[in-house]
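Everything below belongs to coords.txt, which stores compact mmCIF, C-alpha atoms.
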```
# COMPACT_ATOMS: atom_id res chain seq x y z
CA MET A 1 3.21 8.18 40.95
CA ARG A 2 3.75 11.89 40.93
CA PRO A 3 5.67 13.35 43.89
CA GLU A 4 3.67 15.42 46.32
CA PRO A 5 4.67 19.07 46.41
CA PRO A 6 7.05 19.59 49.36
CA THR A 7 5.44 21.21 52.38
CA SER A 8 7.64 24.25 52.17
CA THR A 9 6.09 25.15 48.82
CA ALA A 10 2.59 25.32 50.25
CA GLU A 11 2.81 29.09 50.11
CA LEU A 12 3.56 28.82 46.44
CA THR A 13 -0.11 28.34 45.74
CA ALA A 14 -1.04 31.14 48.13
CA PRO A 15 -2.19 33.93 45.75
CA LYS A 16 -5.93 34.17 45.41
CA ILE A 17 -6.85 32.69 42.07
CA SER A 18 -10.29 33.15 40.61
CA PRO A 19 -11.63 32.57 37.12
CA VAL A 20 -12.41 35.73 35.15
CA GLY A 21 -14.93 36.12 32.36
CA ASN A 22 -15.15 33.16 30.05
CA SER A 23 -11.42 32.41 29.81
CA ALA A 24 -11.40 29.19 31.80
CA ASN A 25 -7.62 28.80 31.60
CA ILE A 26 -6.61 32.34 32.50
CA LYS A 27 -6.90 33.11 36.17
CA TRP A 28 -6.70 36.45 37.91
CA HIS A 29 -3.84 36.67 40.40
CA GLN A 30 -4.57 39.03 43.24
CA CYS A 31 -1.34 40.41 44.58
CA SER A 32 -0.82 41.19 48.23
CA VAL A 33 0.27 44.78 47.49
CA GLY A 34 -2.66 46.67 46.06
CA LYS A 35 -3.51 50.07 44.64
CA LEU A 36 -4.38 51.44 48.09
CA ASP A 37 -0.96 50.44 49.46
CA ARG A 38 0.81 52.14 46.59
CA GLN A 39 -1.33 55.25 46.96
CA GLU A 40 -0.42 55.37 50.65
CA LEU A 41 3.26 55.13 49.73
CA LEU A 42 2.98 57.87 47.12
CA GLN A 43 0.55 60.08 49.01
CA GLN A 44 -1.60 60.53 45.94
CA LYS A 45 -4.37 58.70 44.08
CA GLY A 46 -3.77 56.97 40.79
CA CYS A 47 -5.85 58.35 37.95
CA VAL A 48 -5.81 59.07 34.23
CA ILE A 49 -5.80 62.59 32.87
CA TRP A 50 -6.87 62.14 29.28
CA ILE A 51 -6.00 65.17 27.15
CA THR A 52 -7.88 65.22 23.85
CA GLY A 53 -7.89 67.77 21.05
CA LEU A 54 -6.80 68.60 17.55
CA SER A 55 -3.22 68.32 16.37
CA GLY A 56 -1.50 71.56 17.37
CA SER A 57 -3.96 72.32 20.17
CA GLY A 58 -1.21 72.07 22.77
CA LYS A 59 -1.89 68.63 24.26
CA SER A 60 1.75 67.61 24.65
CA THR A 61 2.73 71.01 25.97
CA VAL A 62 0.03 71.00 28.63
CA ALA A 63 0.88 67.37 29.49
CA CYS A 64 4.47 68.44 29.96
CA ALA A 65 3.65 71.52 32.04
CA LEU A 66 1.25 69.49 34.19
CA SER A 67 3.81 66.77 34.73
CA ARG A 68 6.39 69.38 35.77
CA ALA A 69 4.02 71.20 38.12
CA LEU A 70 2.89 67.99 39.80
CA HIS A 71 6.45 66.72 40.07
CA SER A 72 7.46 69.93 41.83
CA ARG A 73 4.77 69.12 44.41
CA GLY A 74 6.29 65.70 44.94
CA LYS A 75 3.70 63.81 42.90
CA LEU A 76 4.57 60.93 40.57
CA THR A 77 3.30 61.35 37.03
CA PHE A 78 3.90 59.62 33.73
CA VAL A 79 3.05 60.99 30.31
CA LEU A 80 1.74 58.60 27.69
CA ASP A 81 2.08 60.47 24.44
CA GLY A 82 0.19 59.10 21.46
CA ASP A 83 3.12 59.75 19.14
CA ASN A 84 5.74 58.28 21.46
CA VAL A 85 3.82 55.08 22.07
CA ARG A 86 3.70 54.52 18.31
CA HIS A 87 7.45 54.00 18.46
CA GLY A 88 7.15 51.17 20.98
CA LEU A 89 4.02 49.34 22.09
CA ASN A 90 2.01 50.45 19.06
CA ARG A 91 4.71 50.23 16.43
CA ASP A 92 2.71 47.54 14.64
CA LEU A 93 -0.26 49.83 14.05
CA SER A 94 -0.97 51.93 10.97
CA PHE A 95 -3.25 54.94 10.63
CA LYS A 96 -6.19 53.10 9.12
CA ALA A 97 -9.44 53.35 11.05
CA GLU A 98 -9.28 50.09 13.01
CA ASP A 99 -5.62 50.60 13.88
CA ARG A 100 -6.31 54.09 15.19
CA ALA A 101 -9.02 52.64 17.41
CA GLU A 102 -6.64 49.91 18.58
CA ASN A 103 -3.97 52.55 19.27
CA ILE A 104 -6.37 54.32 21.60
CA ARG A 105 -7.62 51.11 23.20
CA ARG A 106 -4.09 50.02 24.09
CA ILE A 107 -3.16 53.42 25.49
CA GLY A 108 -6.33 53.30 27.56
CA GLU A 109 -5.38 49.88 28.91
CA VAL A 110 -1.83 50.97 29.71
CA ALA A 111 -3.11 54.17 31.36
CA LYS A 112 -5.35 51.99 33.51
CA LEU A 113 -2.32 49.94 34.59
CA PHE A 114 -0.44 53.11 35.54
CA SER A 115 -3.42 54.39 37.46
CA ASP A 116 -3.57 51.05 39.26
CA ALA A 117 0.13 51.52 40.08
CA GLY A 118 -0.85 54.72 41.89
CA VAL A 119 0.63 56.99 39.23
CA ILE A 120 -1.09 60.10 37.89
CA CYS A 121 -1.00 59.08 34.25
CA ILE A 122 -1.30 61.86 31.69
CA ALA A 123 -2.40 60.52 28.31
CA SER A 124 -2.04 62.97 25.47
CA LEU A 125 -3.51 61.97 22.14
CA ILE A 126 -5.94 63.37 19.58
CA SER A 127 -8.45 60.55 20.23
CA PRO A 128 -11.03 62.16 17.94
CA TYR A 129 -14.00 59.84 18.49
CA ARG A 130 -16.28 59.93 21.53
CA LYS A 131 -16.79 56.17 21.31
CA ASP A 132 -13.08 55.43 21.76
CA ARG A 133 -12.69 57.87 24.65
CA ALA A 134 -15.81 56.46 26.32
CA ALA A 135 -14.34 52.96 26.07
CA CYS A 136 -11.17 54.11 27.86
CA ARG A 137 -13.23 55.87 30.52
CA ALA A 138 -15.20 52.67 31.07
CA LEU A 139 -12.00 50.80 32.00
CA LEU A 140 -11.51 52.92 35.10
CA PRO A 141 -13.33 53.29 38.41
CA GLU A 142 -15.82 56.18 38.56
CA GLY A 143 -14.04 59.51 38.76
CA ASP A 144 -10.56 58.24 37.91
CA PHE A 145 -10.80 59.15 34.20
CA ILE A 146 -10.42 62.90 33.94
CA GLU A 147 -11.04 64.10 30.40
CA VAL A 148 -9.43 67.39 29.46
CA PHE A 149 -10.54 68.99 26.20
CA MET A 150 -8.14 71.34 24.46
CA ASP A 151 -10.79 73.61 23.02
CA VAL A 152 -8.87 75.42 20.30
CA PRO A 153 -10.35 76.51 16.96
CA LEU A 154 -9.07 74.61 13.96
CA GLN A 155 -7.73 77.80 12.40
CA VAL A 156 -5.54 78.46 15.45
CA CYS A 157 -4.15 74.92 15.39
CA GLU A 158 -3.59 75.16 11.67
CA ALA A 159 -1.81 78.49 12.00
CA ARG A 160 0.54 76.99 14.59
CA ASP A 161 1.06 73.76 12.62
CA PRO A 162 4.12 72.89 14.74
CA LYS A 163 4.78 69.66 12.85
CA GLY A 164 3.76 70.91 9.39
CA LEU A 165 1.03 68.29 9.25
CA TYR A 166 -1.85 70.58 8.34
CA LYS A 167 0.11 71.75 5.34
CA LEU A 168 0.61 68.14 4.26
CA ALA A 169 -3.05 67.37 4.89
CA ARG A 170 -4.25 70.41 2.91
CA SER A 171 -2.06 69.44 -0.01
CA GLY A 172 -3.46 65.90 0.11
CA LYS A 173 -0.19 64.30 1.17
CA ILE A 174 -1.80 63.00 4.38
CA LYS A 175 -5.25 61.44 4.11
CA GLY A 176 -7.81 61.19 6.89
CA PHE A 177 -6.27 63.97 8.95
CA THR A 178 -8.38 64.99 11.95
CA GLY A 179 -10.03 68.36 11.41
CA ILE A 180 -9.32 68.39 7.68
CA ASP A 181 -10.80 65.29 6.09
CA ASP A 182 -11.65 63.32 9.23
CA PRO A 183 -13.95 64.51 12.02
CA TYR A 184 -13.08 65.52 15.55
CA GLU A 185 -15.91 64.90 17.99
CA PRO A 186 -15.55 67.33 20.90
CA PRO A 187 -16.42 65.95 24.34
CA LEU A 188 -19.98 66.65 25.51
CA ASP A 189 -19.43 66.18 29.21
CA CYS A 190 -15.72 66.22 29.99
CA GLU A 191 -14.29 67.16 33.36
CA ILE A 192 -12.14 70.09 32.21
CA VAL A 193 -12.19 72.40 29.18
CA LEU A 194 -9.05 74.38 28.42
CA LYS A 195 -10.30 77.01 26.01
CA GLN A 196 -8.05 79.04 23.77
CA THR A 197 -8.99 81.47 21.03
CA GLU A 198 -6.98 83.54 18.59
CA ARG A 199 -7.03 86.46 21.02
CA ASP A 200 -7.17 84.82 24.39
CA CYS A 201 -4.76 82.13 25.31
CA ALA A 202 -3.66 81.03 28.77
CA SER A 203 -0.07 79.95 29.30
CA PRO A 204 0.63 76.21 29.58
CA CYS A 205 1.43 76.72 33.27
CA ASP A 206 -1.92 78.40 33.89
CA MET A 207 -3.70 75.58 32.10
CA ALA A 208 -1.76 73.03 34.16
CA GLU A 209 -2.85 74.87 37.31
CA GLN A 210 -6.48 74.56 36.25
CA VAL A 211 -6.05 70.80 36.10
CA ILE A 212 -4.20 70.74 39.42
CA SER A 213 -7.01 72.68 41.10
CA TYR A 214 -9.41 70.02 39.91
CA LEU A 215 -7.18 67.21 41.20
CA GLU A 216 -6.78 68.94 44.54
CA GLU A 217 -10.49 69.52 44.91
CA LYS A 218 -11.27 65.89 44.12
CA GLY A 219 -8.66 64.61 46.57
CA TYR A 220 -6.24 63.07 44.04
CA LEU A 221 -3.21 64.78 45.54
CA MET A 222 -3.47 62.91 48.83
CA ALA A 223 -3.70 59.21 49.67
CA MET B 1 -4.56 84.85 5.31
CA ARG B 2 -4.08 82.62 8.29
CA PRO B 3 -3.84 84.31 11.69
CA GLU B 4 -0.46 84.31 13.36
CA PRO B 5 -0.37 82.30 16.57
CA PRO B 6 -0.76 84.73 19.49
CA THR B 7 2.47 85.56 21.32
CA SER B 8 1.28 84.03 24.54
CA THR B 9 1.16 80.62 22.91
CA ALA B 10 4.84 80.70 21.99
CA GLU B 11 5.50 78.24 24.82
CA LEU B 12 2.99 75.90 23.28
CA THR B 13 5.56 74.79 20.78
CA ALA B 14 8.24 74.51 23.44
CA PRO B 15 8.73 70.73 23.77
CA LYS B 16 11.74 69.41 21.94
CA ILE B 17 10.50 67.67 18.83
CA SER B 18 12.75 65.47 16.79
CA PRO B 19 12.00 62.97 14.04
CA VAL B 20 12.44 59.32 15.05
CA GLY B 21 13.30 56.41 12.77
CA ASN B 22 11.59 56.51 9.42
CA SER B 23 8.20 57.72 10.61
CA ALA B 24 8.34 61.20 9.20
CA ASN B 25 4.99 62.22 10.69
CA ILE B 26 5.47 60.89 14.21
CA LYS B 27 7.72 63.02 16.35
CA TRP B 28 9.25 62.20 19.70
CA HIS B 29 8.16 64.59 22.44
CA GLN B 30 10.75 65.01 25.13
CA CYS B 31 9.08 65.87 28.37
CA SER B 32 10.64 68.17 30.93
CA VAL B 33 10.25 65.63 33.73
CA GLY B 34 12.46 62.65 32.99
CA LYS B 35 13.30 59.24 34.39
CA LEU B 36 16.06 60.66 36.58
CA ASP B 37 13.65 63.14 38.18
CA ARG B 38 11.17 60.40 38.96
CA GLN B 39 13.91 58.17 40.36
CA GLU B 40 15.01 61.01 42.62
CA LEU B 41 11.43 61.42 43.84
CA LEU B 42 11.04 57.69 44.49
CA GLN B 43 14.56 57.06 45.78
CA GLN B 44 14.93 54.00 43.60
CA LYS B 45 15.87 53.12 40.03
CA GLY B 46 13.30 51.96 37.52
CA CYS B 47 13.97 48.49 36.18
CA VAL B 48 12.26 45.32 34.97
CA ILE B 49 12.45 42.09 36.92
CA TRP B 50 11.44 39.48 34.38
CA ILE B 51 10.39 36.22 36.04
CA THR B 52 10.34 33.32 33.60
CA GLY B 53 9.60 29.65 34.14
CA LEU B 54 7.13 26.83 33.67
CA SER B 55 3.50 27.04 34.68
CA GLY B 56 3.37 26.15 38.37
CA SER B 57 7.00 27.10 39.02
CA GLY B 58 5.94 29.83 41.43
CA LYS B 59 6.40 32.94 39.26
CA SER B 60 3.30 34.78 40.49
CA THR B 61 3.98 33.82 44.07
CA VAL B 62 7.54 35.10 43.98
CA ALA B 63 6.38 38.24 42.14
CA CYS B 64 3.89 38.82 44.92
CA ALA B 65 6.37 38.17 47.75
CA LEU B 66 8.92 40.41 46.07
CA SER B 67 6.40 43.17 45.61
CA ARG B 68 5.39 42.91 49.28
CA ALA B 69 9.01 42.90 50.54
CA LEU B 70 9.98 45.89 48.41
CA HIS B 71 6.84 47.78 49.38
CA SER B 72 7.66 47.29 53.06
CA ARG B 73 10.98 49.00 52.33
CA GLY B 74 9.14 51.94 50.83
CA LYS B 75 9.82 51.00 47.21
CA LEU B 76 7.23 51.35 44.45
CA THR B 77 6.63 48.19 42.47
CA PHE B 78 4.08 47.02 39.96
CA VAL B 79 3.42 43.44 38.94
CA LEU B 80 2.62 42.72 35.30
CA ASP B 81 1.19 39.25 35.32
CA GLY B 82 0.95 37.47 31.99
CA ASP B 83 -2.48 36.07 32.83
CA ASN B 84 -3.88 39.36 34.14
CA VAL B 85 -2.75 41.35 31.12
CA ARG B 86 -4.66 38.94 28.91
CA HIS B 87 -7.84 40.31 30.46
CA GLY B 88 -7.03 43.86 29.40
CA LEU B 89 -4.32 45.06 27.04
CA ASN B 90 -3.87 41.65 25.43
CA ARG B 91 -7.49 40.51 25.38
CA ASP B 92 -7.37 40.43 21.58
CA LEU B 93 -4.62 37.81 21.51
CA SER B 94 -5.05 34.04 21.27
CA PHE B 95 -2.57 31.33 22.20
CA LYS B 96 -1.32 30.66 18.67
CA ALA B 97 2.41 31.11 18.16
CA GLU B 98 2.44 34.66 16.76
CA ASP B 99 -0.06 35.88 19.34
CA ARG B 100 2.03 34.44 22.18
CA ALA B 101 5.03 36.32 20.82
CA GLU B 102 2.96 39.50 20.54
CA ASN B 103 1.71 38.97 24.11
CA ILE B 104 5.31 38.96 25.32
CA ARG B 105 6.34 41.87 23.10
CA ARG B 106 3.58 44.09 24.46
CA ILE B 107 4.33 43.18 28.07
CA GLY B 108 7.99 43.99 27.37
CA GLU B 109 7.02 47.39 25.98
CA VAL B 110 4.72 48.15 28.91
CA ALA B 111 7.40 47.02 31.39
CA LYS B 112 9.78 49.42 29.68
CA LEU B 113 7.29 52.26 30.19
CA PHE B 114 6.98 51.40 33.89
CA SER B 115 10.73 51.26 34.24
CA ASP B 116 10.91 54.66 32.56
CA ALA B 117 8.37 55.88 35.12
CA GLY B 118 10.87 54.92 37.84
CA VAL B 119 8.87 51.90 38.98
CA ILE B 120 10.40 48.52 39.79
CA CYS B 121 8.28 46.53 37.37
CA ILE B 122 7.93 42.82 38.06
CA ALA B 123 6.85 40.91 34.95
CA SER B 124 5.74 37.38 35.59
CA LEU B 125 5.06 35.22 32.59
CA ILE B 126 6.15 31.85 31.21
CA SER B 127 7.87 33.49 28.21
CA PRO B 128 9.27 30.16 27.04
CA TYR B 129 11.46 31.29 24.13
CA ARG B 130 14.89 32.91 24.49
CA LYS B 131 14.27 35.01 21.38
CA ASP B 132 11.22 36.73 22.87
CA ARG B 133 12.94 37.38 26.20
CA ALA B 134 16.01 38.72 24.42
CA ALA B 135 13.81 41.14 22.46
CA CYS B 136 12.35 42.50 25.70
CA ARG B 137 15.82 42.81 27.21
CA ALA B 138 16.94 44.77 24.16
CA LEU B 139 14.27 47.41 24.80
CA LEU B 140 15.93 48.46 28.05
CA PRO B 141 19.18 50.20 28.97
CA GLU B 142 22.02 47.84 29.91
CA GLY B 143 21.47 46.33 33.34
CA ASP B 144 17.85 47.36 33.73
CA PHE B 145 16.43 44.02 32.56
CA ILE B 146 16.89 41.53 35.37
CA GLU B 147 15.96 38.04 34.27
CA VAL B 148 14.94 35.66 37.04
CA PHE B 149 14.66 31.99 36.13
CA MET B 150 12.37 29.82 38.23
CA ASP B 151 14.42 26.64 37.90
CA VAL B 152 11.91 24.00 38.92
CA PRO B 153 11.74 20.50 37.43
CA LEU B 154 8.72 19.81 35.27
CA GLN B 155 7.59 16.99 37.54
CA VAL B 156 7.48 19.35 40.52
CA CYS B 157 5.41 21.90 38.58
CA GLU B 158 3.14 19.16 37.30
CA ALA B 159 2.66 17.73 40.78
CA ARG B 160 1.62 21.16 42.04
CA ASP B 161 -0.60 21.89 39.03
CA PRO B 162 -2.31 24.77 40.88
CA LYS B 163 -4.57 25.61 37.96
CA GLY B 164 -5.14 22.03 36.77
CA LEU B 165 -3.58 22.91 33.42
CA TYR B 166 -1.06 20.07 33.26
CA LYS B 167 -3.90 17.62 33.69
CA LEU B 168 -5.75 19.24 30.78
CA ALA B 169 -2.56 19.29 28.69
CA ARG B 170 -1.80 15.60 29.40
CA SER B 171 -5.31 14.65 28.41
CA GLY B 172 -4.95 16.63 25.19
CA LYS B 173 -7.55 19.23 26.13
CA ILE B 174 -4.94 22.00 25.88
CA LYS B 175 -2.59 21.92 22.90
CA GLY B 176 0.86 23.51 22.74
CA PHE B 177 1.29 23.61 26.51
CA THR B 178 4.79 24.64 27.62
CA GLY B 179 6.71 21.70 29.03
CA ILE B 180 4.30 19.13 27.66
CA ASP B 181 3.97 19.57 23.91
CA ASP B 182 5.75 22.89 23.50
CA PRO B 183 9.35 23.61 24.53
CA TYR B 184 10.61 25.78 27.37
CA GLU B 185 14.03 27.25 26.64
CA PRO B 186 15.78 27.92 29.96
CA PRO B 187 17.88 31.10 30.12
CA LEU B 188 21.58 30.62 29.41
CA ASP B 189 22.84 33.76 31.07
CA CYS B 190 20.16 35.24 33.30
CA GLU B 191 20.88 37.44 36.29
CA ILE B 192 19.24 35.28 38.97
CA VAL B 193 18.34 31.59 39.21
CA LEU B 194 15.84 30.55 41.86
CA LYS B 195 16.32 26.81 42.06
CA GLN B 196 13.84 24.43 43.59
CA THR B 197 13.84 20.65 43.63
CA GLU B 198 11.44 18.08 45.00
CA ARG B 199 13.41 17.97 48.25
CA ASP B 200 14.80 21.43 48.55
CA CYS B 201 12.61 24.42 48.21
CA ALA B 202 13.14 27.93 49.56
CA SER B 203 10.14 29.90 50.79
CA PRO B 204 8.79 32.65 48.53
CA CYS B 205 10.09 35.21 51.03
CA ASP B 206 13.60 33.74 50.90
CA MET B 207 13.50 33.81 47.11
CA ALA B 208 12.29 37.42 47.18
CA GLU B 209 15.20 38.28 49.45
CA GLN B 210 17.64 36.80 46.92
CA VAL B 211 16.28 39.18 44.31
CA ILE B 212 16.36 42.10 46.75
CA SER B 213 20.03 41.39 47.57
CA TYR B 214 20.77 41.63 43.86
CA LEU B 215 18.86 44.91 43.52
CA GLU B 216 20.62 46.34 46.55
CA GLU B 217 24.05 45.34 45.31
CA LYS B 218 23.39 46.88 41.90
CA GLY B 219 22.12 50.12 43.39
CA TYR B 220 18.48 49.86 42.27
CA LEU B 221 17.12 50.62 45.74
CA MET B 222 18.51 54.13 45.78
CA ALA B 223 18.22 57.04 43.34
```

Could the structure of this file be written out as structure tokens, please?
Amino acid sequence: MRPEPPTSTAELTAPKISPVGNSANIKWHQCSVGKLDRQELLQQKGCVIWITGLSGSGKSTVACALSRALHSRGKLTFVLDGDNVRHGLNRDLSFKAEDRAENIRRIGEVAKLFSDAGVICIASLISPYRKDRAACRALLPEGDFIEVFMDVPLQVCEARDPKGLYKLARSGKIKGFTGIDDPYEPPLDCEIVLKQTERDCASPCDMAEQVISYLEEKGYLMA
Amino acid sequence: MRPEPPTSTAELTAPKISPVGNSANIKWHQCSVGKLDRQELLQQKGCVIWITGLSGSGKSTVACALSRALHSRGKLTFVLDGDNVRHGLNRDLSFKAEDRAENIRRIGEVAKLFSDAGVICIASLISPYRKDRAACRALLPEGDFIEVFMDVPLQVCEARDPKGLYKLARSGKIKGFTGIDDPYEPPLDCEIVLKQTERDCASPCDMAEQVISYLEEKGYLMA
């Protein structure tokens, strides 16, 4: 005979458990503190600001400026940088096509978790294909995926070449480099375009302010 | 001739970039807002509370109670539940040995990101092998990985069987089930043991308070 669970552990089975999808043995645990509670605490709404664009287009710099500007307003942000994540969570992934897709998928899933935590998550990665970005967007509630396109001509990015990667790509030392021998698909309907040309280029702070105006207007900077 | 980058974009190359490990083409971007800034904002220290134990030992319930108790003190928490993550980030993983290890590795990496964001991250998963837990601990700065062992006898967990999994495992419908036909390696030197027996069982709230006392003592509930 198996012992009955002691009465005092009755609460131990308290969390709502419901089956999800077709995984019969994996249940979804609903926790008593939810996204709304965390948003109330933080006085902001969790969301994902997805910055896409060519290498050298200024994604990381804008992510950084945006994070700083929001922090100075008392808002909690976290930057998920495509390169940085490859040193941790995605260290097992290469640069072949399916691994690049998986890299983006995982960052999308992690960004979703941060958004659910109430954090303004700033994801900064080339993410060249519309399909992959659309899949990340689909993970989030309507409106919470804010796609920011760094609209910078290839020649400007290549002239900057802050990491020397274009040079390596042009000399054939890197294969499948976005913009050189692999396509970049610009967004067709993104929320924000940050346009730069050879002659006309806003400062990172100004670009960050453009994003902040959007967030303010849409109510993301209050609970 | 390639155009020079316009002067006004000089700041665009501002973030500190340094090579990491042996990945010559992946640089580490240091962002101007760091963990300390976020901790100051949140008035808490980011850390990972790793709750390990058998299925049915009350991990999710304690995670939930802890999250609720910390939230009521104005602290930001986020629960990473092993089962829930399998519906998103880890949906590509099966239950075979290497996939279970990868499941834990990824949750460890994500927990590290949350901790870096300043969040008190509560990870709740069986994580039966010492090796896998040690690898997650190693990702974090000294002291920031707080291992909580749900020390509950197998027969108590099996009597509870909230998801009916022990029944399936005993009848051979689930193979490699921890505690039945796969080992659970209890921690040898974890930070907190939450012991329950058939006769003596603290309430989830009392167990949460034990963890909170630890966090308070170690200074995690202030910046």

task = Tell me, as a PyMOL selection string, which residues lie within 12 Å of segment 129-134 of chain B, counting all atoms listed in the file; anything in the same chain fewer than 2 positions away does not count.
result = chain B and resi 48-54+97-109+123-127+136-140+145-149+178-179+182-190

Around all of segment 169-182 of chain A's listed atoms, make the axis-aligned box with 5 Å on each side and tell me centre and edge lengths in Å to one decimal, as JSON.
```
{"center_x": -5.9, "center_y": 65.8, "center_z": 6.0, "size_x": 21.5, "size_y": 19.2, "size_z": 22.0}
```

message = As an exercise, work out the distance from atom CA of Leu194 of chain B to atom CA of Ser57 of chain B in Å and give it to one decimal place.
response = 9.9 Å

Who sits within 10 Å of Val110 of chain B, only C-alpha atoms, same chain under 2 positions skipped, as a list in words =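 Neighbouring residues, sequence-local ones excluded: Val85, Gly88, Leu89, Val110, Leu113 and Phe114 of chain A; Leu80, Leu89, Ile104, Arg105, Arg106, Ile107, Gly108, Lys112, Leu113, Phe114, Ser115, Asp116, Cys121 and Ala123 of chain B.
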
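Separating atom CA of Arg68 of chain B from atom CA of Gln210 of chain B is a distance of 13.9 Å.
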
ask   = Skipping near chain neighbours, those fewer than 4 positions away, what residues fall within 12 Å of Leu165 of chain A using all atoms listed in the file, listed as a list of chain:residue names?
value =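 Using all atoms listed in the file, the neighbours found are A:Leu54, A:Ser55, A:Gly56, A:Cys157, A:Glu158, A:Ala159, A:Arg160, A:Asp161, A:Ala169, A:Arg170, A:Ser171, A:Gly172, A:Lys173, A:Ile174, A:Lys175, A:Gly176, A:Phe177, A:Thr178, A:Gly179, A:Ile180, B:Ala24, B:Asn25, B:Ile26, B:Lys27.
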
task = Can you work out which one of A:Pro204, A:Lys195, A:Gln44, A:Asp181 has the shortest atom-to-atom distance to Arg73 of chain A, counting all atoms listed in the file?
result =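 Of A:Pro204, A:Lys195, A:Gln44, A:Asp181, the one nearest Arg73 of chain A is A:Gln44, counting all atoms listed in the file.
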
inquiry  = Which residue is closest to chain B? Choose from A:Leu66, A:Ala223, A:Leu93, A:Val33 and count only C-alpha atoms.
reply    = A:Val33

query = Taking all atoms listed in the file into account, which of B:His71, B:Asp151, B:Ala63, B:Asn84 comes nearest Leu36 of chain A?
reply = B:His71

request  = Measure the distance from atom CA of Met222 of chain A to atom CA of Lys45 of chain A in Å and round it to one decimal.
outcome  = 6.4 Å

task = Write out as a ChimeraX atom specification which residues come within 7 Å of Ala117 of chain A when counting only C-alpha atoms, dropping same-chain ones fewer than 4 positions away.
result = /A:35,38,46,113 /B:78
